[in-house]
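Coordinates as given in my_file_8.tsv (TSV, C-alpha atoms):
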```tsv
chain	number	residue	atom	x	y	z
N	29	MET	CA	149.48	241.37	172.22
N	30	TRP	CA	147.09	238.59	173.28
N	31	PHE	CA	148.78	235.62	174.94
N	32	GLU	CA	146.34	233.14	173.38
N	33	GLY	CA	148.22	230.01	172.33
N	34	TYR	CA	151.50	230.69	174.14
N	35	ASP	CA	151.14	227.48	176.13
N	36	GLN	CA	151.13	225.54	172.83
N	37	THR	CA	154.41	226.90	171.46
N	38	ASN	CA	156.30	223.74	172.46
N	39	ASP	CA	154.35	222.10	169.63
N	40	GLU	CA	156.60	222.79	166.64
N	41	ARG	CA	153.74	222.64	164.11
N	42	TYR	CA	151.57	225.07	166.08
N	43	ARG	CA	154.53	227.40	166.71
N	44	GLU	CA	155.52	227.60	163.05
N	45	GLN	CA	152.06	227.68	161.49
N	46	VAL	CA	150.03	229.71	164.00
N	47	TRP	CA	152.02	231.40	166.77
N	48	LEU	CA	154.98	232.89	164.87
N	49	PRO	CA	152.89	234.19	161.91
N	50	ARG	CA	150.53	235.95	164.31
N	51	GLN	CA	153.46	237.46	166.25
N	52	ALA	CA	154.93	238.66	162.94
N	53	ALA	CA	151.62	240.35	162.11
N	54	LEU	CA	151.66	242.10	165.50
N	55	LEU	CA	155.22	243.33	164.91
N	56	ARG	CA	154.25	244.65	161.46
N	57	GLU	CA	151.41	246.65	163.03
N	58	LEU	CA	153.75	248.11	165.65
N	59	ARG	CA	156.34	249.14	163.08
N	60	ARG	CA	153.66	250.62	160.82
N	61	ALA	CA	152.37	252.75	163.71
N	62	ASP	CA	155.75	254.54	163.84
N	63	ALA	CA	154.91	255.69	167.38
N	64	ASP	CA	157.29	257.50	169.71
N	65	VAL	CA	155.97	255.47	172.64
N	66	LEU	CA	154.53	251.94	172.51
N	67	CYS	CA	152.40	250.64	175.39
N	68	LEU	CA	151.90	246.89	175.11
N	69	GLN	CA	149.78	244.54	177.22
N	70	GLU	CA	149.69	240.73	177.51
N	71	VAL	CA	153.34	240.53	176.48
N	72	THR	CA	154.54	236.96	177.02
N	73	SER	CA	158.04	236.21	178.34
N	74	GLY	CA	160.36	233.26	177.85
N	75	GLN	CA	161.29	231.20	174.82
N	76	HIS	CA	159.24	231.98	171.66
N	77	SER	CA	157.57	234.79	173.62
N	78	PHE	CA	156.46	238.06	172.12
N	79	LEU	CA	159.04	239.90	174.24
N	80	GLU	CA	161.84	237.73	172.86
N	81	LEU	CA	160.69	238.40	169.28
N	82	LEU	CA	160.23	242.13	169.90
N	83	LEU	CA	163.79	242.53	171.17
N	84	LYS	CA	165.16	240.78	168.09
N	85	GLU	CA	163.65	243.43	165.80
N	86	GLU	CA	166.38	245.71	164.42
N	87	TRP	CA	164.12	248.78	164.41
N	88	ILE	CA	163.46	248.25	168.12
N	89	ARG	CA	167.12	247.62	168.97
N	90	LYS	CA	168.18	250.73	167.05
N	91	ASP	CA	165.67	253.35	168.22
N	92	TYR	CA	163.85	252.32	171.42
N	93	TRP	CA	164.40	252.11	175.16
N	94	VAL	CA	162.49	249.01	176.38
N	95	SER	CA	161.29	248.45	179.96
N	96	ASP	CA	162.21	244.77	180.25
N	97	ILE	CA	164.54	242.29	178.59
N	98	ASP	CA	163.17	238.97	179.83
N	99	GLY	CA	160.19	239.68	182.10
N	100	SER	CA	162.19	239.33	185.32
N	101	TYR	CA	162.34	243.05	186.09
N	102	THR	CA	158.75	244.26	185.83
N	103	PHE	CA	156.47	241.23	185.32
N	104	ARG	CA	154.71	239.53	188.24
N	105	ALA	CA	153.54	236.57	186.13
N	106	TRP	CA	154.55	234.89	182.85
N	107	TYR	CA	153.11	237.85	180.96
N	108	GLY	CA	153.04	241.57	181.63
N	109	VAL	CA	153.07	245.11	180.26
N	110	VAL	CA	155.93	246.70	178.32
N	111	ILE	CA	156.80	250.28	177.37
N	112	ALA	CA	159.14	250.96	174.44
N	113	SER	CA	160.12	254.59	173.84
N	114	ARG	CA	162.16	256.59	171.37
N	115	ILE	CA	162.27	259.35	173.96
N	116	PRO	CA	165.06	258.82	176.50
N	117	ILE	CA	163.81	257.39	179.80
N	118	ARG	CA	165.14	258.51	183.18
N	119	LYS	CA	163.61	255.58	185.07
N	120	PHE	CA	160.90	252.95	184.98
N	121	VAL	CA	158.74	252.43	188.07
N	122	VAL	CA	156.41	249.51	188.83
N	123	VAL	CA	153.27	250.24	190.86
N	124	PRO	CA	151.86	246.86	191.99
N	125	PHE	CA	148.11	246.36	192.41
N	126	PRO	CA	145.96	244.14	194.57
N	127	SER	CA	145.11	241.66	191.84
N	128	SER	CA	144.13	238.09	191.12
N	129	TYR	CA	146.51	238.05	188.13
N	130	GLY	CA	149.58	239.98	189.26
N	131	ARG	CA	148.60	243.18	187.45
N	132	VAL	CA	150.70	246.36	187.76
N	133	ALA	CA	151.02	249.85	186.33
N	134	LEU	CA	154.35	250.46	184.60
N	135	MET	CA	155.51	254.09	184.64
N	136	ALA	CA	158.12	255.60	182.31
N	137	HIS	CA	159.66	258.90	183.46
N	138	PHE	CA	161.00	260.83	180.47
N	139	LYS	CA	164.28	262.70	180.56
N	140	THR	CA	162.84	266.21	180.37
N	141	MET	CA	164.95	269.35	180.67
N	142	PRO	CA	165.64	270.53	184.25
N	143	GLY	CA	163.04	273.05	185.40
N	144	THR	CA	160.42	271.97	182.88
N	145	GLU	CA	157.50	269.64	183.45
N	146	GLU	CA	157.88	266.10	184.75
N	147	MET	CA	156.45	263.86	182.02
N	148	VAL	CA	155.32	260.30	182.80
N	149	VAL	CA	153.69	257.67	180.60
N	150	GLY	CA	151.86	254.83	182.34
N	151	ASN	CA	150.78	251.50	180.89
N	152	SER	CA	148.55	248.92	182.54
N	153	HIS	CA	146.29	245.93	182.04
N	154	LEU	CA	143.60	246.14	184.69
N	155	GLU	CA	141.89	243.18	186.36
N	156	SER	CA	140.08	240.83	184.00
N	157	LEU	CA	136.36	240.55	183.60
N	158	PRO	CA	134.50	238.10	185.87
N	159	GLY	CA	135.66	234.51	185.76
N	160	SER	CA	137.26	233.17	188.88
N	161	VAL	CA	135.90	236.04	191.02
N	162	PRO	CA	132.48	237.79	191.11
N	163	ARG	CA	131.82	240.83	188.91
N	164	GLU	CA	131.50	243.13	191.94
N	165	ARG	CA	134.97	242.13	193.14
N	166	VAL	CA	136.47	242.74	189.68
N	167	GLU	CA	134.89	246.19	189.46
N	168	GLU	CA	136.16	247.03	192.95
N	169	LEU	CA	139.69	245.95	192.00
N	170	GLN	CA	139.54	247.99	188.79
N	171	ARG	CA	138.58	251.12	190.75
N	172	ILE	CA	141.36	250.52	193.30
N	173	GLN	CA	143.88	249.97	190.50
N	174	LEU	CA	142.81	253.15	188.70
N	175	ASN	CA	142.99	255.16	191.92
N	176	LEU	CA	146.50	253.88	192.70
N	177	THR	CA	147.56	254.79	189.18
N	178	MET	CA	146.09	258.29	189.25
N	179	THR	CA	147.52	258.90	192.74
N	180	TYR	CA	150.97	258.11	191.41
N	181	PHE	CA	150.55	260.58	188.54
N	182	ASP	CA	149.25	263.23	190.94
N	183	GLN	CA	152.41	262.94	193.00
N	184	CYS	CA	154.91	262.55	190.20
N	185	ALA	CA	153.88	264.24	186.94
N	186	ASN	CA	152.74	267.56	185.48
N	187	THR	CA	152.14	265.86	182.15
N	188	GLY	CA	150.71	262.36	182.42
N	189	ILE	CA	149.62	259.88	179.77
N	190	PHE	CA	147.91	256.68	180.86
N	191	ALA	CA	147.26	253.98	178.28
N	192	GLY	CA	146.14	250.39	178.53
N	193	ASP	CA	143.52	247.70	178.52
N	194	LEU	CA	141.18	248.74	181.33
N	195	ASN	CA	138.94	245.67	180.92
N	196	VAL	CA	136.11	247.95	182.02
N	197	SER	CA	132.65	246.52	182.49
N	198	ASP	CA	131.35	249.52	184.47
N	199	GLU	CA	131.92	252.36	181.99
N	200	ASP	CA	130.13	254.99	184.09
N	201	ALA	CA	132.32	254.32	187.13
N	202	VAL	CA	135.50	254.65	185.06
N	203	GLU	CA	134.26	257.85	183.43
N	204	GLY	CA	133.47	259.28	186.85
N	205	LEU	CA	136.96	258.45	188.12
N	206	ARG	CA	138.60	259.92	185.01
N	207	GLU	CA	136.64	263.17	185.21
N	208	GLY	CA	137.20	263.41	188.97
N	209	TRP	CA	140.96	263.23	188.41
N	210	GLY	CA	140.76	265.86	185.64
N	211	TRP	CA	141.96	263.73	182.73
N	212	ASN	CA	140.92	263.87	179.06
N	213	ASP	CA	140.03	260.74	177.10
N	214	LEU	CA	141.85	260.65	173.75
N	215	SER	CA	140.47	257.25	172.81
N	216	GLY	CA	137.52	258.16	170.64
N	217	SER	CA	134.32	256.15	170.54
N	218	GLU	CA	135.07	253.22	168.20
N	219	PRO	CA	135.03	249.74	169.79
N	220	THR	CA	138.46	248.21	170.31
N	221	TRP	CA	137.22	244.62	170.73
N	222	PHE	CA	137.43	242.38	167.65
N	223	ALA	CA	133.72	241.59	167.86
N	224	GLY	CA	132.63	245.20	168.42
N	225	ASN	CA	130.38	246.84	171.04
N	226	TRP	CA	133.11	247.06	173.69
N	227	HIS	CA	135.74	249.73	174.32
N	228	PRO	CA	138.16	248.36	176.95
N	229	ASP	CA	141.26	250.14	175.64
N	230	ARG	CA	141.90	253.80	176.49
N	231	ILE	CA	144.45	256.60	176.29
N	232	PHE	CA	144.06	259.33	178.91
N	233	LEU	CA	145.94	262.65	179.07
N	234	ARG	CA	146.40	265.30	181.76
N	235	SER	CA	148.76	268.15	180.96
N	236	PRO	CA	149.20	271.93	181.21
N	237	ALA	CA	151.41	271.84	178.12
N	238	TYR	CA	149.85	269.41	175.64
N	239	GLU	CA	146.46	268.54	174.23
N	240	GLY	CA	145.19	265.65	172.19
N	241	SER	CA	144.81	266.07	168.46
N	242	SER	CA	141.63	265.42	166.48
N	243	ARG	CA	139.53	266.14	169.54
N	244	GLY	CA	140.16	262.77	171.08
N	245	ASN	CA	139.58	260.62	168.02
N	246	SER	CA	142.46	258.18	168.16
N	247	GLN	CA	143.27	256.18	165.08
N	248	LEU	CA	142.31	252.51	165.28
N	249	LEU	CA	145.02	250.06	164.18
N	250	GLY	CA	145.29	246.29	163.97
N	251	ARG	CA	142.16	245.59	161.93
N	252	THR	CA	144.03	244.07	158.99
N	253	PRO	CA	143.63	240.25	158.89
N	254	SER	CA	146.77	238.45	159.99
N	255	GLY	CA	146.24	235.48	157.68
N	256	ILE	CA	145.67	233.28	160.73
N	257	SER	CA	142.32	232.17	162.18
N	258	ILE	CA	142.19	231.59	165.95
N	259	ALA	CA	139.15	229.91	167.51
N	260	ALA	CA	138.49	231.93	170.67
N	261	HIS	CA	135.77	233.74	172.61
N	262	GLY	CA	133.10	231.59	170.95
N	263	SER	CA	134.11	232.89	167.54
N	264	HIS	CA	137.11	233.16	165.22
N	265	VAL	CA	139.67	235.94	165.46
N	266	TYR	CA	141.25	236.87	162.13
N	267	THR	CA	143.09	240.01	163.26
N	268	PRO	CA	146.55	239.95	164.93
N	269	SER	CA	144.98	240.37	168.38
N	270	ASP	CA	141.52	240.16	169.90
N	271	HIS	CA	141.94	243.88	170.69
N	272	PHE	CA	142.57	246.69	168.24
N	273	ALA	CA	145.27	249.25	168.95
N	274	LEU	CA	144.84	252.98	169.56
N	275	LEU	CA	147.20	255.58	168.10
N	276	ALA	CA	146.89	259.07	169.61
N	277	THR	CA	148.90	262.21	168.93
N	278	ILE	CA	149.47	264.95	171.48
N	279	VAL	CA	150.43	268.49	170.45
N	280	ARG	CA	152.35	270.97	172.58
N	281	THR	CA	150.33	274.13	173.19
N	282	ALA	CA	152.54	275.81	175.82
N	283	PRO	CA	155.57	277.82	174.59
N	284	LEU	CA	158.86	275.95	174.51
N	285	GLY	CA	160.82	276.65	177.68
N	286	ALA	CA	157.67	277.29	179.74
N	287	THR	CA	157.99	276.18	183.36
N	288	PHE	CA	155.35	274.59	185.56
N	289	SER	CA	154.94	274.05	189.27
N	290	GLN	CA	156.70	270.85	190.19
N	291	PRO	CA	154.60	267.92	191.45
N	292	LEU	CA	155.19	266.28	194.79
N	293	ALA	CA	158.22	264.01	194.80
N	294	ALA	CA	157.69	260.31	194.30
N	295	SER	CA	158.15	258.09	197.34
N	296	THR	CA	161.71	257.39	196.19
N	297	GLU	CA	163.90	258.42	193.28
N	298	VAL	CA	165.93	255.24	193.45
N	299	VAL	CA	163.53	252.42	192.76
N	300	ASP	CA	164.38	248.84	193.62
N	301	MET	CA	162.37	246.87	191.08
N	302	SER	CA	162.41	243.80	193.33
N	303	LEU	CA	160.39	245.58	196.03
N	304	PRO	CA	156.76	246.72	195.87
N	305	LEU	CA	156.37	250.47	195.46
N	306	GLN	CA	153.31	251.89	197.19
N	307	ILE	CA	152.02	255.45	197.08
N	308	CYS	CA	150.52	256.67	200.35
N	309	ALA	CA	150.66	259.57	202.78
N	310	GLN	CA	152.23	257.56	205.60
N	311	PRO	CA	153.41	253.97	206.09
N	312	ARG	CA	150.48	251.71	206.87
N	313	TRP	CA	149.62	248.07	206.65
N	314	SER	CA	146.35	247.15	204.96
N	315	VAL	CA	144.40	244.04	204.03
N	316	ARG	CA	144.49	245.42	200.47
N	317	LYS	CA	148.27	245.12	200.52
N	318	THR	CA	148.35	241.36	200.78
N	319	GLN	CA	149.31	238.68	198.34
N	320	GLU	CA	148.93	234.94	198.54
N	321	ALA	CA	152.23	233.15	199.17
N	322	VAL	CA	153.41	229.55	199.12
N	323	GLY	CA	155.09	227.82	202.03
N	324	SER	CA	157.71	225.15	201.41
N	325	ASP	CA	155.60	222.59	203.31
N	326	SER	CA	152.31	223.37	201.55
N	327	PRO	CA	150.29	220.23	200.66
N	328	ALA	CA	149.08	222.07	197.54
N	329	ILE	CA	152.49	221.96	195.85
N	330	LEU	CA	152.66	219.90	192.67
N	331	HIS	CA	156.10	218.27	192.80
N	332	ALA	CA	155.83	216.15	189.65
N	333	HIS	CA	156.64	219.00	187.22
N	334	ARG	CA	158.75	222.13	187.42
N	335	GLU	CA	157.28	223.94	184.44
N	336	VAL	CA	153.83	225.50	184.27
N	337	SER	CA	152.94	224.20	180.79
N	338	SER	CA	153.73	220.57	181.62
N	339	ALA	CA	151.95	220.90	184.97
N	340	ILE	CA	148.78	222.08	183.20
N	341	GLN	CA	148.92	219.10	180.87
N	342	LEU	CA	149.24	216.73	183.83
N	343	LEU	CA	146.40	218.42	185.73
N	344	ASN	CA	144.03	218.16	182.78
N	345	TYR	CA	144.83	214.68	181.52
N	346	GLU	CA	146.37	212.59	184.33
N	347	ALA	CA	145.25	211.48	187.76
N	348	HIS	CA	146.24	213.81	190.61
N	349	LYS	CA	145.08	214.91	194.07
N	350	PHE	CA	144.40	218.59	193.42
N	351	ARG	CA	140.76	219.72	193.34
N	352	ASP	CA	140.74	223.40	192.42
N	353	GLU	CA	144.21	224.92	192.82
N	354	CYS	CA	147.86	224.14	193.36
N	355	TYR	CA	151.37	225.65	193.28
N	356	VAL	CA	154.11	224.91	190.77
N	357	TYR	CA	157.73	226.02	190.73
N	358	SER	CA	159.04	227.04	187.30
N	359	ASP	CA	162.73	226.26	186.75
N	360	GLN	CA	162.69	228.43	183.64
N	361	ARG	CA	161.36	231.52	185.47
N	362	GLN	CA	162.78	230.58	188.90
N	363	GLN	CA	159.45	231.60	190.35
N	364	TRP	CA	156.49	229.98	192.10
N	365	PHE	CA	153.10	230.07	190.40
N	366	LYS	CA	149.56	229.43	191.58
N	367	LEU	CA	147.31	227.52	189.15
N	368	TRP	CA	143.54	227.15	189.37
N	369	LYS	CA	140.62	225.77	187.37
N	370	ASP	CA	138.42	227.92	185.16
N	371	LYS	CA	134.62	227.88	185.29
N	372	GLY	CA	134.51	224.95	182.88
N	373	GLY	CA	136.64	222.83	185.21
N	374	TRP	CA	139.83	223.04	183.12
N	375	TRP	CA	143.28	224.11	184.20
N	376	ALA	CA	144.52	226.82	181.81
N	377	TYR	CA	147.54	229.04	181.24
N	378	GLU	CA	145.33	232.10	181.70
N	379	ASN	CA	144.52	230.98	185.25
N	380	THR	CA	148.01	231.35	186.68
N	381	MET	CA	149.75	234.02	188.71
N	382	ALA	CA	153.18	234.45	190.23
N	383	VAL	CA	153.30	234.10	194.02
N	384	PRO	CA	156.14	234.76	196.46
N	385	ARG	CA	157.77	232.07	198.59
N	386	VAL	CA	157.41	232.44	202.35
N	387	GLU	CA	160.67	233.66	203.89
N	388	ALA	CA	161.18	231.96	207.26
N	389	ASP	CA	162.87	234.94	208.90
N	390	LEU	CA	159.96	237.25	207.98
N	391	ILE	CA	157.10	235.19	209.44
N	392	PHE	CA	154.82	237.13	211.80
N	393	TRP	CA	154.00	234.48	214.41
N	394	ARG	CA	151.78	236.52	216.78
N	395	THR	CA	148.52	235.64	215.04
N	396	ARG	CA	147.06	233.33	212.44
N	397	VAL	CA	144.49	235.87	211.23
N	398	VAL	CA	145.50	238.38	208.54
N	399	THR	CA	143.17	241.17	209.73
N	400	GLU	CA	144.48	240.84	213.29
N	401	ALA	CA	148.06	241.00	212.00
N	402	VAL	CA	147.28	244.21	210.11
N	403	LYS	CA	145.79	245.75	213.26
N	404	MET	CA	148.78	244.75	215.41
N	405	LEU	CA	151.26	246.10	212.86
N	406	ASN	CA	149.44	249.44	212.61
N	407	ASP	CA	148.79	249.83	216.35
N	408	ASP	CA	152.38	249.28	217.44
N	409	THR	CA	155.14	250.44	215.10
N	410	ASP	CA	157.72	248.66	217.26
N	411	VAL	CA	156.11	245.24	216.90
N	412	TRP	CA	157.87	244.63	213.55
N	413	ASP	CA	161.05	246.13	212.08
N	414	SER	CA	160.57	245.23	208.41
N	415	ASP	CA	158.16	246.55	205.77
N	416	VAL	CA	157.31	242.96	204.72
N	417	CYS	CA	156.02	239.97	206.64
N	418	TYR	CA	154.26	236.63	206.09
N	419	VAL	CA	151.17	235.51	207.98
N	420	PHE	CA	149.47	232.12	207.96
N	421	SER	CA	145.68	232.41	207.77
N	422	GLU	CA	144.02	229.62	209.70
N	423	ALA	CA	140.64	230.42	208.12
N	424	LYS	CA	141.98	230.20	204.55
N	425	ASN	CA	144.64	227.57	205.36
N	426	LYS	CA	147.09	229.64	203.29
N	427	TRP	CA	150.09	231.88	203.68
N	428	PHE	CA	149.91	235.58	202.79
N	429	LYS	CA	152.56	238.20	202.17
N	430	LEU	CA	151.82	241.60	203.76
N	431	TRP	CA	153.68	244.86	203.15
N	432	SER	CA	153.56	248.51	204.16
N	433	CYS	CA	154.49	251.49	202.01
```
Before anything else, please render the file you have as structure tokens.
Amino acid sequence: MWFEGYDQTNDERYREQVWLPRQAALLRELRRADADVLCLQEVTSGQHSFLELLLKEEWIRKDYWVSDIDGSYTFRAWYGVVIASRIPIRKFVVVPFPSSYGRVALMAHFKTMPGTEEMVVGNSHLESLPGSVPRERVEELQRIQLNLTMTYFDQCANTGIFAGDLNVSDEDAVEGLREGWGWNDLSGSEPTWFAGNWHPDRIFLRSPAYEGSSRGNSQLLGRTPSGISIAAHGSHVYTPSDHFALLATIVRTAPLGATFSQPLAASTEVVDMSLPLQICAQPRWSVRKTQEAVGSDSPAILHAHREVSSAIQLLNYEAHKFRDECYVYSDQRQQWFKLWKDKGGWWAYENTMAVPRVEADLIFWRTRVVTEAVKMLNDDTDVWDSDVCYVFSEAKNKWFKLWSC
């Protein structure tokens, strides 16, 4: 959906002349697709957000189950991924990733008939291309995120569909992972980037009962000009988004009523959306399952503003003490956010992520080194009686949230 410009929607002129017309063009494309399942990325939340506009559409309200109503259930930042489905949904599950931007995989479990296959559709927006972190780190995170996603499907679904913006820069590595997991690529070969020569968006399928139509050649949507020109990426974007959409059709090849061996059960059938869900063979702590947190006494807290957009304006245009990063509490979202500069030295809405607040009764005081804490927690299961803790890193001078699955 492309969140470009969302931070400017408080400007009435920009909102009416640029933002809302582009959102209307996106909604027209979605309705024209007439898809049974919609997998959307970069969905903004809050006032004037794409999510707010989507849920006002009568055709959505009438026919679709939607994974979130305001971003508070499944998002880990001010934007996230959304699944809307005409097919009844039994449950939505969030699989959180190690990520610089709060990325997750969102899983929709369909209400299939008892005794038939378990059918799951996943939607994700993998780690962004290099910017604030080196390319090697981004590619490592993308592989970890794909592996977590495919592991979930392996445990939970006979028929799995995984769609999303993979942001892939290492195509060969992704292809190797996909083939190793036994999935088919329905995406076709056409570029999905507005400027061509890049194919970050994919639809993968693994199923004993269905196959992709047209031998994997998905239809490309979203190439019709929106009537709005957006200066971005060193060019001008005239289409509703800087990505094109993929529309794939799957066809049932197994007889109706056919039964399949059931997959392993998910880690839990009752999913608390407020807690991280991890897929693993046994409970373990890991340095990969850490997330930066903010302590109430942190000197990096910006107290002057309690909204991210106004904080960014202050950071860019007024005197302040923060060099490269800071934390801001959003009254609107009731959530802490980390903000940091981009490569050009500017604070930007894209460079934000939601961070948890340190809970005093869950602080692990035995060490001030995250790796040592992980070792202690794994070596002695009696050293800690919760699956979450907070550790202060002396080396980083920051708090971190740790969890086990």
Original post:
Do you have the CA of Asp198 in chain N-CA of Val166 in chain N distance handy?
Top reply: 10.0 Å
**OP:** Please measure the separation of CA of Val397 in chain N and CA of Trp313 in chain N, giving the value in Å to one decimal.
**Re:**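 These atoms are spaced 14.0 Å apart.
When only C-alpha atoms are used to compute distances to Asp62 in chain N, the closest of the residues N:Leu157, N:Val265, N:Leu249, N:Ala376 turns out to be N:Leu249.
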**OP:** Taking (141.2, 220.2, 194.3) in the file's own coordinates, collect the residues within 12 Å, counting only C-alpha atoms, and hand them back as a VMD selection string.
**Re:** chain N and resid 327 to 330 343 347 to 355 367 to 369 373 to 375
Please, could you write that set of residues out with C-alpha atoms as a CSV table (one decimal), in the frame of the given file?
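Writing done, so here's result35.csv:
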```csv
chain,number,residue,atom,x,y,z
N,327,PRO,CA,150.3,220.2,200.7
N,328,ALA,CA,149.1,222.1,197.5
N,329,ILE,CA,152.5,222.0,195.8
N,330,LEU,CA,152.7,219.9,192.7
N,343,LEU,CA,146.4,218.4,185.7
N,347,ALA,CA,145.2,211.5,187.8
N,348,HIS,CA,146.2,213.8,190.6
N,349,LYS,CA,145.1,214.9,194.1
N,350,PHE,CA,144.4,218.6,193.4
N,351,ARG,CA,140.8,219.7,193.3
N,352,ASP,CA,140.7,223.4,192.4
N,353,GLU,CA,144.2,224.9,192.8
N,354,CYS,CA,147.9,224.1,193.4
N,355,TYR,CA,151.4,225.6,193.3
N,367,LEU,CA,147.3,227.5,189.2
N,368,TRP,CA,143.5,227.2,189.4
N,369,LYS,CA,140.6,225.8,187.4
N,373,GLY,CA,136.6,222.8,185.2
N,374,TRP,CA,139.8,223.0,183.1
N,375,TRP,CA,143.3,224.1,184.2
```
**OP:** Counting all atoms listed in the file, find the residues whose atoms lie at most 12 Å from (150.8, 263.1, 162.7) (file coordinates) and write them out as an MDAnalysis selection string.
**Re:** chainID N and resid 61:64 240:242 246:247 275:279
**OP:** For Trp427 in chain N, work out the shell of residues within 10 Å, counting all atoms listed in the file and skipping chain neighbours fewer than 4 positions away, then give it as a PyMOL selection string.
**Re:** chain N and resi 319-323+326+384-386+391+396+398+418-422
Original post:
Which polymer residues have any atom within 9 Å of an atom of Leu54 in chain N, counting all atoms listed in the file, with same-chain residues fewer than 6 positions away left out, as a PyMOL selection string?
Top reply: chain N and resi 29+250+254+268-269
Original post:
Could you work out how far CA of Ser414 in chain N lies from CA of Pro126 in chain N, giving the answer in Å with one decimal?
Top reply: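 A separation of 20.2 Å between them.
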